[in-house]
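**Q** run_5.csv is the file, holding CSV, C-alpha atoms:
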```csv
chain,number,residue,atom,x,y,z
P,19,MET,CA,9.8,21.8,-28.9
P,20,ASN,CA,10.1,25.5,-28.7
P,21,THR,CA,7.4,27.4,-26.8
P,22,GLU,CA,8.1,30.5,-28.9
P,23,ASN,CA,6.3,28.7,-31.8
P,24,TYR,CA,3.1,28.9,-29.8
P,25,LYS,CA,3.4,32.4,-28.3
P,26,GLU,CA,0.2,33.7,-30.0
P,27,HIS,CA,-1.7,31.3,-27.8
P,28,ILE,CA,-0.1,32.3,-24.5
P,29,ASN,CA,-2.5,34.8,-23.1
P,30,SER,CA,-5.0,35.3,-20.2
P,31,GLN,CA,-7.8,33.6,-22.2
P,32,MET,CA,-5.8,30.4,-22.6
P,33,LEU,CA,-3.6,30.1,-19.6
P,34,MET,CA,-5.0,28.5,-16.4
P,35,GLY,CA,-1.8,28.8,-14.4
P,36,PRO,CA,2.0,29.0,-14.9
P,37,ASN,CA,2.7,28.5,-18.6
P,38,SER,CA,1.8,24.9,-19.3
P,39,LEU,CA,3.7,25.0,-22.7
P,40,ARG,CA,6.9,25.9,-21.0
P,41,ILE,CA,6.5,22.9,-18.6
P,42,LEU,CA,5.7,20.6,-21.6
P,43,GLU,CA,8.7,21.9,-23.5
P,44,GLU,CA,11.1,20.8,-20.8
P,45,LEU,CA,9.4,17.5,-20.4
P,46,ILE,CA,9.5,16.4,-24.0
P,47,ASN,CA,12.9,18.0,-24.7
P,48,MET,CA,14.4,16.0,-21.9
P,49,HIS,CA,12.4,12.8,-22.6
P,50,PRO,CA,11.4,12.9,-26.3
P,51,LEU,CA,8.3,10.9,-27.2
P,52,THR,CA,9.0,8.5,-30.2
P,53,LEU,CA,5.5,8.2,-31.7
P,54,CYS,CA,3.8,7.7,-35.1
P,55,ALA,CA,0.5,8.7,-36.6
P,56,ASN,CA,-1.1,5.4,-35.3
P,57,ASP,CA,-0.2,6.1,-31.7
P,58,ILE,CA,-2.6,7.6,-29.3
P,59,VAL,CA,-1.5,10.0,-26.5
P,60,LEU,CA,-3.7,10.8,-23.5
P,61,ASP,CA,-3.4,14.5,-22.5
P,62,LEU,CA,-4.8,14.1,-19.0
P,63,GLY,CA,-6.0,17.4,-17.5
P,64,CYS,CA,-5.6,19.2,-20.7
P,65,GLY,CA,-7.3,22.4,-19.6
P,66,LYS,CA,-8.2,24.6,-22.6
P,67,GLY,CA,-6.1,22.4,-24.9
P,68,LEU,CA,-2.8,24.3,-25.2
P,69,THR,CA,-0.8,21.2,-24.4
P,70,SER,CA,-2.9,19.1,-26.8
P,71,LEU,CA,-2.1,21.5,-29.6
P,72,ALA,CA,1.6,21.3,-29.0
P,73,LEU,CA,1.6,17.5,-28.6
P,74,ALA,CA,-0.3,17.1,-31.9
P,75,LYS,CA,2.2,19.4,-33.7
P,76,GLU,CA,5.3,18.0,-32.0
P,77,THR,CA,4.6,14.2,-32.1
P,78,GLY,CA,2.3,13.7,-35.1
P,79,ALA,CA,0.2,11.3,-33.0
P,80,LYS,CA,-3.5,11.3,-32.3
P,81,ILE,CA,-4.2,13.2,-29.0
P,82,TYR,CA,-7.1,12.4,-26.7
P,83,ALA,CA,-7.5,15.7,-24.8
P,84,ALA,CA,-9.2,14.9,-21.5
P,85,ASP,CA,-10.4,17.3,-18.8
P,86,LEU,CA,-12.9,17.3,-16.0
P,87,TRP,CA,-13.4,21.1,-15.7
P,88,VAL,CA,-13.4,22.4,-19.3
P,89,LYS,CA,-16.3,21.3,-21.5
P,90,PRO,CA,-15.2,19.1,-24.4
P,91,GLU,CA,-17.5,21.1,-26.7
P,92,GLU,CA,-15.4,24.2,-25.9
P,93,ASN,CA,-12.1,22.5,-26.5
P,94,GLN,CA,-13.3,20.8,-29.7
P,95,LYS,CA,-14.4,24.2,-31.1
P,96,ARG,CA,-10.8,25.5,-30.4
P,97,PHE,CA,-9.3,22.4,-32.0
P,98,ASP,CA,-11.5,23.1,-35.1
P,99,GLU,CA,-10.3,26.7,-35.2
P,100,TRP,CA,-6.7,25.7,-34.8
P,101,GLY,CA,-7.0,23.2,-37.7
P,102,ILE,CA,-6.1,20.2,-35.6
P,103,SER,CA,-9.4,18.4,-35.1
P,104,ASP,CA,-8.4,15.5,-37.3
P,105,ASN,CA,-5.7,14.7,-34.8
P,106,VAL,CA,-7.1,15.9,-31.5
P,107,ILE,CA,-10.4,14.8,-29.8
P,108,ALA,CA,-11.8,16.4,-26.7
P,109,PHE,CA,-13.2,14.2,-23.9
P,110,HIS,CA,-14.9,14.9,-20.5
P,111,GLU,CA,-13.1,12.6,-18.1
P,112,ASP,CA,-12.6,12.0,-14.4
P,113,ALA,CA,-9.0,10.7,-13.9
P,114,ASN,CA,-10.4,8.3,-11.2
P,115,LYS,CA,-12.9,6.8,-13.6
P,116,LEU,CA,-11.4,6.8,-17.1
P,117,ASP,CA,-13.7,5.5,-19.7
P,118,PHE,CA,-11.3,4.2,-22.4
P,119,GLU,CA,-10.3,0.8,-23.7
P,120,HIS,CA,-7.5,-0.9,-21.9
P,121,ASP,CA,-4.0,-1.0,-23.5
P,122,LEU,CA,-5.0,2.0,-25.6
P,123,PHE,CA,-2.3,4.7,-25.1
P,124,SER,CA,1.3,4.7,-26.2
P,125,ALA,CA,2.0,7.8,-24.0
P,126,LEU,CA,0.3,9.8,-21.3
P,127,VAL,CA,1.1,13.4,-20.6
P,128,SER,CA,-0.2,15.5,-17.7
P,129,VAL,CA,0.8,19.1,-17.1
P,130,ASP,CA,-0.3,21.0,-14.0
P,131,ALA,CA,-3.1,18.6,-13.3
P,132,TYR,CA,-1.8,15.3,-11.8
P,133,HIS,CA,-1.5,16.7,-8.2
P,134,TYR,CA,-5.3,17.2,-8.1
P,135,PHE,CA,-6.0,13.5,-8.4
P,136,GLY,CA,-2.8,11.5,-8.1
P,137,THR,CA,-1.5,12.0,-4.6
P,138,GLU,CA,-2.6,8.7,-3.3
P,139,ARG,CA,-0.3,5.7,-3.5
P,140,CYS,CA,-1.4,3.1,-5.9
P,141,PHE,CA,-3.3,5.7,-8.0
P,142,PHE,CA,-1.0,5.3,-10.9
P,143,GLU,CA,-1.0,1.5,-10.7
P,144,GLU,CA,-4.8,1.1,-10.3
P,145,LYS,CA,-6.2,4.0,-12.3
P,146,LEU,CA,-3.8,4.6,-15.2
P,147,LEU,CA,-1.7,1.5,-15.8
P,148,PRO,CA,-4.6,-0.5,-17.3
P,149,PHE,CA,-5.0,2.0,-20.1
P,150,MET,CA,-1.3,2.0,-21.1
P,151,ARG,CA,0.4,-0.2,-23.8
P,152,LYS,CA,3.5,-2.1,-23.1
P,153,GLY,CA,6.6,0.1,-23.4
P,154,ALA,CA,4.5,3.3,-23.0
P,155,GLU,CA,5.9,6.5,-21.7
P,156,VAL,CA,4.4,8.9,-19.2
P,157,LEU,CA,5.5,12.5,-18.7
P,158,ILE,CA,4.1,14.6,-15.8
P,159,GLY,CA,4.9,18.2,-14.8
P,160,ILE,CA,3.3,19.6,-11.6
P,161,PRO,CA,3.9,22.2,-9.0
P,162,GLY,CA,5.5,20.8,-5.8
P,163,ILE,CA,7.6,21.7,-2.8
P,164,LYS,CA,11.4,21.5,-2.8
P,165,ASP,CA,12.9,18.3,-1.3
P,166,LYS,CA,14.4,20.1,1.7
P,167,TYR,CA,11.0,21.4,2.7
P,168,ALA,CA,9.1,18.1,2.2
P,169,SER,CA,6.4,17.5,4.9
P,170,LYS,CA,6.4,21.3,5.7
P,171,GLY,CA,3.7,22.2,3.2
P,172,LYS,CA,1.1,23.2,5.8
P,173,GLU,CA,3.5,25.3,7.7
P,174,LEU,CA,5.0,27.1,4.7
P,175,LEU,CA,2.3,27.2,2.0
P,176,SER,CA,-1.2,27.3,3.7
P,177,ASP,CA,-1.3,31.1,3.6
P,178,TRP,CA,-1.2,30.8,-0.2
P,179,LEU,CA,-2.9,27.5,-0.9
P,180,GLY,CA,-5.2,27.1,2.1
P,181,ASP,CA,-6.3,23.4,2.5
P,182,GLU,CA,-4.7,22.5,-0.8
P,183,TYR,CA,-1.2,22.6,0.5
P,184,TYR,CA,-1.2,18.8,0.8
P,185,MET,CA,-1.0,18.5,-3.0
P,186,PHE,CA,2.5,20.0,-3.1
P,187,LYS,CA,4.9,17.0,-2.8
P,188,SER,CA,8.6,17.0,-3.3
P,189,PRO,CA,10.3,15.2,-6.2
P,190,ALA,CA,11.4,12.4,-3.9
P,191,GLU,CA,7.9,12.1,-2.4
P,192,TRP,CA,6.4,11.8,-5.9
P,193,LYS,CA,8.8,9.1,-6.9
P,194,SER,CA,7.6,7.1,-3.8
P,195,ILE,CA,4.0,7.8,-4.6
P,196,ILE,CA,4.3,6.5,-8.2
P,197,GLY,CA,5.7,3.4,-6.6
P,198,ILE,CA,7.2,0.2,-7.9
P,199,HIS,CA,5.3,-2.2,-10.1
P,200,GLU,CA,6.2,-5.1,-12.3
P,201,SER,CA,5.1,-3.2,-15.4
P,202,ILE,CA,7.3,-0.1,-14.6
P,203,GLU,CA,10.8,-0.1,-15.9
P,204,SER,CA,11.9,3.2,-14.4
P,205,VAL,CA,10.7,6.3,-12.6
P,206,LYS,CA,12.6,9.6,-12.7
P,207,THR,CA,11.7,12.8,-10.8
P,208,TRP,CA,13.5,16.1,-10.8
P,209,GLU,CA,13.1,19.8,-10.0
P,210,MET,CA,12.4,21.5,-13.3
P,211,SER,CA,14.4,24.3,-14.6
P,212,CYS,CA,11.5,26.2,-16.3
P,213,PHE,CA,10.2,27.5,-13.0
P,214,ASP,CA,11.0,31.2,-13.4
P,215,SER,CA,9.9,31.4,-17.1
P,216,ALA,CA,6.6,29.5,-16.6
P,217,TRP,CA,5.7,31.7,-13.6
P,218,ASN,CA,6.8,35.0,-15.3
P,219,GLU,CA,4.7,34.2,-18.4
P,220,TRP,CA,1.7,33.6,-16.1
P,221,PHE,CA,2.2,36.9,-14.4
P,222,MET,CA,2.6,38.7,-17.8
P,223,SER,CA,-0.7,37.3,-19.0
P,224,GLY,CA,-2.6,39.6,-16.7
P,225,HIS,CA,-5.0,36.9,-15.6
P,226,GLU,CA,-6.8,37.9,-12.4
P,227,TYR,CA,-5.6,34.7,-10.7
P,228,ALA,CA,-2.1,35.5,-11.7
P,229,LEU,CA,-2.3,38.8,-9.9
P,230,GLY,CA,-3.3,36.9,-6.7
P,231,ASP,CA,-0.4,34.5,-7.1
P,232,LYS,CA,2.0,37.3,-7.6
P,233,ARG,CA,1.4,38.6,-4.1
P,234,PHE,CA,3.0,35.4,-2.7
P,235,PHE,CA,5.7,34.8,-5.3
P,236,GLU,CA,8.7,36.3,-3.5
P,237,THR,CA,7.7,35.3,0.0
P,238,LEU,CA,6.4,31.8,-0.5
P,239,ILE,CA,6.3,30.4,-4.0
P,240,LYS,CA,9.9,31.1,-5.1
P,241,PRO,CA,11.7,30.2,-1.8
P,242,TYR,CA,9.8,26.9,-1.1
P,243,THR,CA,8.2,25.5,-4.3
P,244,CYS,CA,9.3,24.1,-7.6
P,245,PHE,CA,7.9,22.3,-10.6
P,246,VAL,CA,8.3,18.5,-10.4
P,247,GLY,CA,9.1,16.6,-13.5
P,248,ILE,CA,8.2,12.9,-13.6
P,249,SER,CA,9.2,10.5,-16.3
P,250,ILE,CA,7.9,6.9,-16.2
P,251,LYS,CA,8.9,4.2,-18.7
P,252,LEU,CA,6.9,1.0,-18.9
P,253,LYS,CA,8.3,-2.3,-19.8
```
What does this structure look like when you write it as C-alpha cells?
**A**
Amino acid sequence: MNTENYKEHINSQMLMGPNSLRILEELINMHPLTLCANDIVLDLGCGKGLTSLALAKETGAKIYAADLWVKPEENQKRFDEWGISDNVIAFHEDANKLDFEHDLFSALVSVDAYHYFGTERCFFEEKLLPFMRKGAEVLIGIPGIKDKYASKGKELLSDWLGDEYYMFKSPAEWKSIIGIHESIESVKTWEMSCFDSAWNEWFMSGHEYALGDKRFFETLIKPYTCFVGISIKLK
C-alpha cells in the first residue's frame, strides 16, 4: 500500500486524528493480508471510511465498515461517491455488542479506535474472537505510550488527554491485554515508525482539533507517546 495513492482524501473533512491511512499502510505492508473476493474484513471503528476505502482497494475483499460515532448513512453515501459500494457496506456498531454472525470475518482491522473500547483484559477473547474465522488475521494501530513510560500516563499525559490518559498503553502492555488463548497462534506488538508522518499530516490538514494537539506535540506527544502496532494471528 502507498498512502500517496489516496492523498486526495487526506484533508480536514476526512481525517479524525493522525493520518489513519499512514498507520494502515505500515500495518498491511508489514503484515500483508492474503484475501480474496469472498473474504469479509471487519474495519472496526472505521471513522469516515478512509481505511475502508484503502482496504477495499488493496485487498479486493468485501469490507464491513463499522463505527459507533459516524452514521452509516453518511459513510454509505461516501462509498457510493467513491464507487466502492459494491464492496464496502457501512454499519452502526458498538464494539462491545457486535451484531454479526459468528465465524464471519477472515480479517479484522482497527485503526485509531481500539483503545476506546479494548483496554480491558479478555475483551478480545470475549467480544471479538467469536466473530473470527479459523486462521484469521487481526491488525490494530493505536496511539500509546512508549514502553519506558508505561504506567506513567496520568503523570505525563493528563494535561493533554485529561481523564482519557488511561487508554494510552505501551506495546508490552497491549500484548499482555490481548492475552493468551487456545485460538491465538501469535501476538506481536511494536512501536510504529509512521509516527512523525501521521502526526504531521494531521497538523497539515488544518483541522481545529489538530491545532489543539499541536500545542502539546513537542512537550508531551513526541517525547512520551508512540503508535502501537498489533498483529494477531489465529490458529
**Q** Using only C-alpha atoms, which of P:Pro161, P:Gly63, P:Gly197, P:Gly101 sits nearest Glu143 of chain P?
**A**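 Under the stated criterion, the closest residue is P:Gly197.
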**Q** So which one's closest to Leu73 of chain P, P:Pro90, P:Pro50, P:Gly247, P:Gly171? Using only C-alpha atoms, please.
**A**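 Ranked by minimum distance to Leu73 of chain P, first place goes to P:Pro50.
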**Q** Go through P:Phe135, P:Trp208, P:Phe118, P:Phe245 and flag the residue nearest Arg40 of chain P, using only C-alpha atoms for the distances.
**A**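 Selected residue with least distance to Arg40 of chain P: P:Phe245.
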**Q** Do you know which residues are at most 12 Å from Ala131 of chain P counting all atoms listed in the file, after dropping those on the same chain fewer than 5 positions away, and could you put them as a ChimeraX atom specification?
**A** /P:34-36,38,41,61-65,69,84-87,112-113,136-137,157-162,185-186,245-246
**Q** So how far away is atom CA of Trp192 of chain P from atom CA of Val59 of chain P, in Å?
**A**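 That distance, rounded to one decimal, is 22.1 Å.
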**Q** With a distance cut-off of 10 Å and only C-alpha atoms, select the neighbouring residues of Glu119 of chain P, excluding the residue or stretch itself and same-chain residues fewer than 4 positions from it, and output the selection as a list in words.
**A**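 Those residues are Phe123, Pro148, Phe149 and Met150 of chain P.
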**Q** If I take atom CA of Ser215 of chain P and atom CA of Ala168 of chain P, how far is one from the other in Å, to one decimal?
**A**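 About the pair atom CA of Ser215 of chain P and atom CA of Ala168 of chain P: they are 23.5 Å apart.
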**Q** Can you pull out every residue within 10 Å of Ile239 of chain P, counting only C-alpha atoms, but drop anything in the same chain fewer than 2 positions away, and send it as a short mmCIF file (atom, residue, chain, number, x, y, z; two decimals) with C-alpha atoms, in the frame of the given file?
**A**
```cif
data_model
loop_
_atom_site.label_atom_id
_atom_site.label_comp_id
_atom_site.auth_asym_id
_atom_site.auth_seq_id
_atom_site.Cartn_x
_atom_site.Cartn_y
_atom_site.Cartn_z
CA PRO P 161 3.90 22.20 -9.00
CA GLY P 162 5.50 20.80 -5.80
CA ILE P 163 7.60 21.70 -2.80
CA LEU P 174 5.00 27.10 4.70
CA LEU P 175 2.30 27.20 2.00
CA TRP P 178 -1.20 30.80 -0.20
CA TRP P 217 5.70 31.70 -13.60
CA ASP P 231 -0.40 34.50 -7.10
CA LYS P 232 2.00 37.30 -7.60
CA ARG P 233 1.40 38.60 -4.10
CA PHE P 234 3.00 35.40 -2.70
CA PHE P 235 5.70 34.80 -5.30
CA GLU P 236 8.70 36.30 -3.50
CA THR P 237 7.70 35.30 0.00
CA PRO P 241 11.70 30.20 -1.80
CA TYR P 242 9.80 26.90 -1.10
CA THR P 243 8.20 25.50 -4.30
CA CYS P 244 9.30 24.10 -7.60
#
```
**Q** Using only C-alpha atoms, pick whichever of P:Glu91, P:Glu99, P:Glu155, P:Asp181 has the shortest atom-to-atom distance to Ser128 of chain P.
**A**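 That would be P:Glu155, the residue with the smallest distance to Ser128 of chain P.
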**Q** Expressed in Å to a single decimal, how great is the separation between atom CA of Ile107 of chain P and atom CA of Tyr82 of chain P?
**A**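 Atom-to-atom, atom CA of Ile107 of chain P and atom CA of Tyr82 of chain P are spaced 5.1 Å apart.
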**Q** Would you pick out the contacts of Glu26 of chain P at 12 Å or less, using all atoms listed in the file, so that residues sharing its chain but fewer than 5 positions from it are not included, and give the list as an mmCIF file with C-alpha atoms, in the frame of the given file?
**A**
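Output saved as part-v1.cif:
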```cif
data_model
loop_
_atom_site.group_PDB
_atom_site.id
_atom_site.type_symbol
_atom_site.label_atom_id
_atom_site.label_comp_id
_atom_site.auth_asym_id
_atom_site.auth_seq_id
_atom_site.Cartn_x
_atom_site.Cartn_y
_atom_site.Cartn_z
ATOM 1 C CA THR P 21 7.400 27.400 -26.800
ATOM 2 C CA GLN P 31 -7.800 33.600 -22.200
ATOM 3 C CA MET P 32 -5.800 30.400 -22.600
ATOM 4 C CA LEU P 33 -3.600 30.100 -19.600
ATOM 5 C CA LEU P 39 3.700 25.000 -22.700
ATOM 6 C CA LEU P 68 -2.800 24.300 -25.200
ATOM 7 C CA TRP P 100 -6.700 25.700 -34.800
ATOM 8 C CA SER P 223 -0.700 37.300 -19.000
#
```
**Q** When you count only C-alpha atoms, which of these residues is closest to His133 of chain P: P:Leu45, P:Met222, P:Cys54, P:Ile196?
**A** P:Ile196
**Q** Looking at all atoms listed in the file, which of P:Glu219, P:Glu22, P:Asp98, P:Glu92 is the one that sits closest to His110 of chain P?
**A**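 For His110 of chain P, the nearest of the candidates is P:Glu92.
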**Q** From the block you just saw, export segment 32-121 of chain P: C-alpha atoms, as a tab-separated table (two decimals), in the first residue's frame.
**A**
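Everything below was put into result.tsv:
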```
chain	number	residue	atom	x	y	z
P	32	MET	CA	-11.97	13.27	6.25
P	33	LEU	CA	-9.32	12.99	8.94
P	34	MET	CA	-10.38	12.49	12.55
P	35	GLY	CA	-6.88	12.33	14.00
P	36	PRO	CA	-3.33	11.48	12.89
P	37	ASN	CA	-3.49	10.16	9.33
P	38	SER	CA	-5.19	6.76	9.60
P	39	LEU	CA	-4.05	5.79	6.11
P	40	ARG	CA	-0.41	6.20	7.09
P	41	ILE	CA	-0.99	3.89	10.06
P	42	LEU	CA	-2.82	1.37	7.90
P	43	GLU	CA	-0.03	1.49	5.33
P	44	GLU	CA	2.53	0.33	7.88
P	45	LEU	CA	0.25	-2.35	9.26
P	46	ILE	CA	-0.53	-4.06	5.97
P	47	ASN	CA	2.91	-3.57	4.46
P	48	MET	CA	4.49	-5.27	7.47
P	49	HIS	CA	1.79	-7.93	7.75
P	50	PRO	CA	0.13	-8.35	4.32
P	51	LEU	CA	-3.44	-9.67	4.30
P	52	THR	CA	-3.90	-12.57	1.91
P	53	LEU	CA	-7.56	-12.34	0.97
P	54	CYS	CA	-9.90	-13.00	-1.92
P	55	ALA	CA	-13.20	-11.54	-3.10
P	56	ASN	CA	-15.18	-13.99	-0.95
P	57	ASP	CA	-13.47	-12.93	2.27
P	58	ILE	CA	-15.02	-10.37	4.62
P	59	VAL	CA	-12.95	-7.86	6.59
P	60	LEU	CA	-14.30	-6.00	9.60
P	61	ASP	CA	-12.98	-2.43	9.70
P	62	LEU	CA	-13.79	-1.75	13.34
P	63	GLY	CA	-14.00	1.94	14.21
P	64	CYS	CA	-13.74	3.00	10.57
P	65	GLY	CA	-14.49	6.67	11.21
P	66	LYS	CA	-15.46	8.35	7.96
P	67	GLY	CA	-14.40	5.33	5.94
P	68	LEU	CA	-10.90	6.22	4.71
P	69	THR	CA	-9.43	2.95	5.93
P	70	SER	CA	-12.36	1.05	4.41
P	71	LEU	CA	-11.64	2.65	1.05
P	72	ALA	CA	-7.99	1.60	1.18
P	73	LEU	CA	-8.78	-1.91	2.44
P	74	ALA	CA	-11.22	-2.44	-0.42
P	75	LYS	CA	-8.70	-1.24	-3.00
P	76	GLU	CA	-5.71	-3.06	-1.52
P	77	THR	CA	-7.27	-6.44	-0.67
P	78	GLY	CA	-10.16	-6.93	-3.11
P	79	ALA	CA	-12.22	-8.36	-0.24
P	80	LYS	CA	-15.63	-7.25	1.00
P	81	ILE	CA	-15.33	-4.68	3.77
P	82	TYR	CA	-17.77	-4.22	6.63
P	83	ALA	CA	-17.16	-0.63	7.73
P	84	ALA	CA	-18.36	-0.38	11.34
P	85	ASP	CA	-18.40	2.72	13.50
P	86	LEU	CA	-20.28	3.91	16.57
P	87	TRP	CA	-19.90	7.67	16.09
P	88	VAL	CA	-20.32	8.22	12.35
P	89	LYS	CA	-23.75	7.48	10.90
P	90	PRO	CA	-23.73	4.58	8.42
P	91	GLU	CA	-25.89	6.60	6.02
P	92	GLU	CA	-23.13	9.21	5.81
P	93	ASN	CA	-20.45	6.61	5.17
P	94	GLN	CA	-22.53	4.72	2.63
P	95	LYS	CA	-23.06	7.95	0.71
P	96	ARG	CA	-19.29	8.41	0.58
P	97	PHE	CA	-18.80	4.82	-0.53
P	98	ASP	CA	-21.30	5.40	-3.34
P	99	GLU	CA	-19.46	8.55	-4.41
P	100	TRP	CA	-16.13	6.71	-4.33
P	101	GLY	CA	-17.51	3.88	-6.45
P	102	ILE	CA	-16.84	1.17	-3.87
P	103	SER	CA	-20.35	0.48	-2.56
P	104	ASP	CA	-20.40	-2.97	-4.19
P	105	ASN	CA	-17.53	-4.00	-1.91
P	106	VAL	CA	-17.98	-1.84	1.19
P	107	ILE	CA	-21.03	-1.79	3.48
P	108	ALA	CA	-21.46	0.68	6.34
P	109	PHE	CA	-22.71	-0.45	9.75
P	110	HIS	CA	-23.54	1.24	13.05
P	111	GLU	CA	-21.90	-0.98	15.65
P	112	ASP	CA	-20.80	-0.91	19.27
P	113	ALA	CA	-17.60	-2.96	19.62
P	114	ASN	CA	-18.90	-4.35	22.91
P	115	LYS	CA	-22.11	-5.61	21.29
P	116	LEU	CA	-21.29	-6.64	17.73
P	117	ASP	CA	-24.33	-7.82	15.83
P	118	PHE	CA	-22.82	-10.16	13.25
P	119	GLU	CA	-22.80	-13.89	12.60
P	120	HIS	CA	-20.11	-15.87	14.37
P	121	ASP	CA	-17.12	-17.11	12.33
```
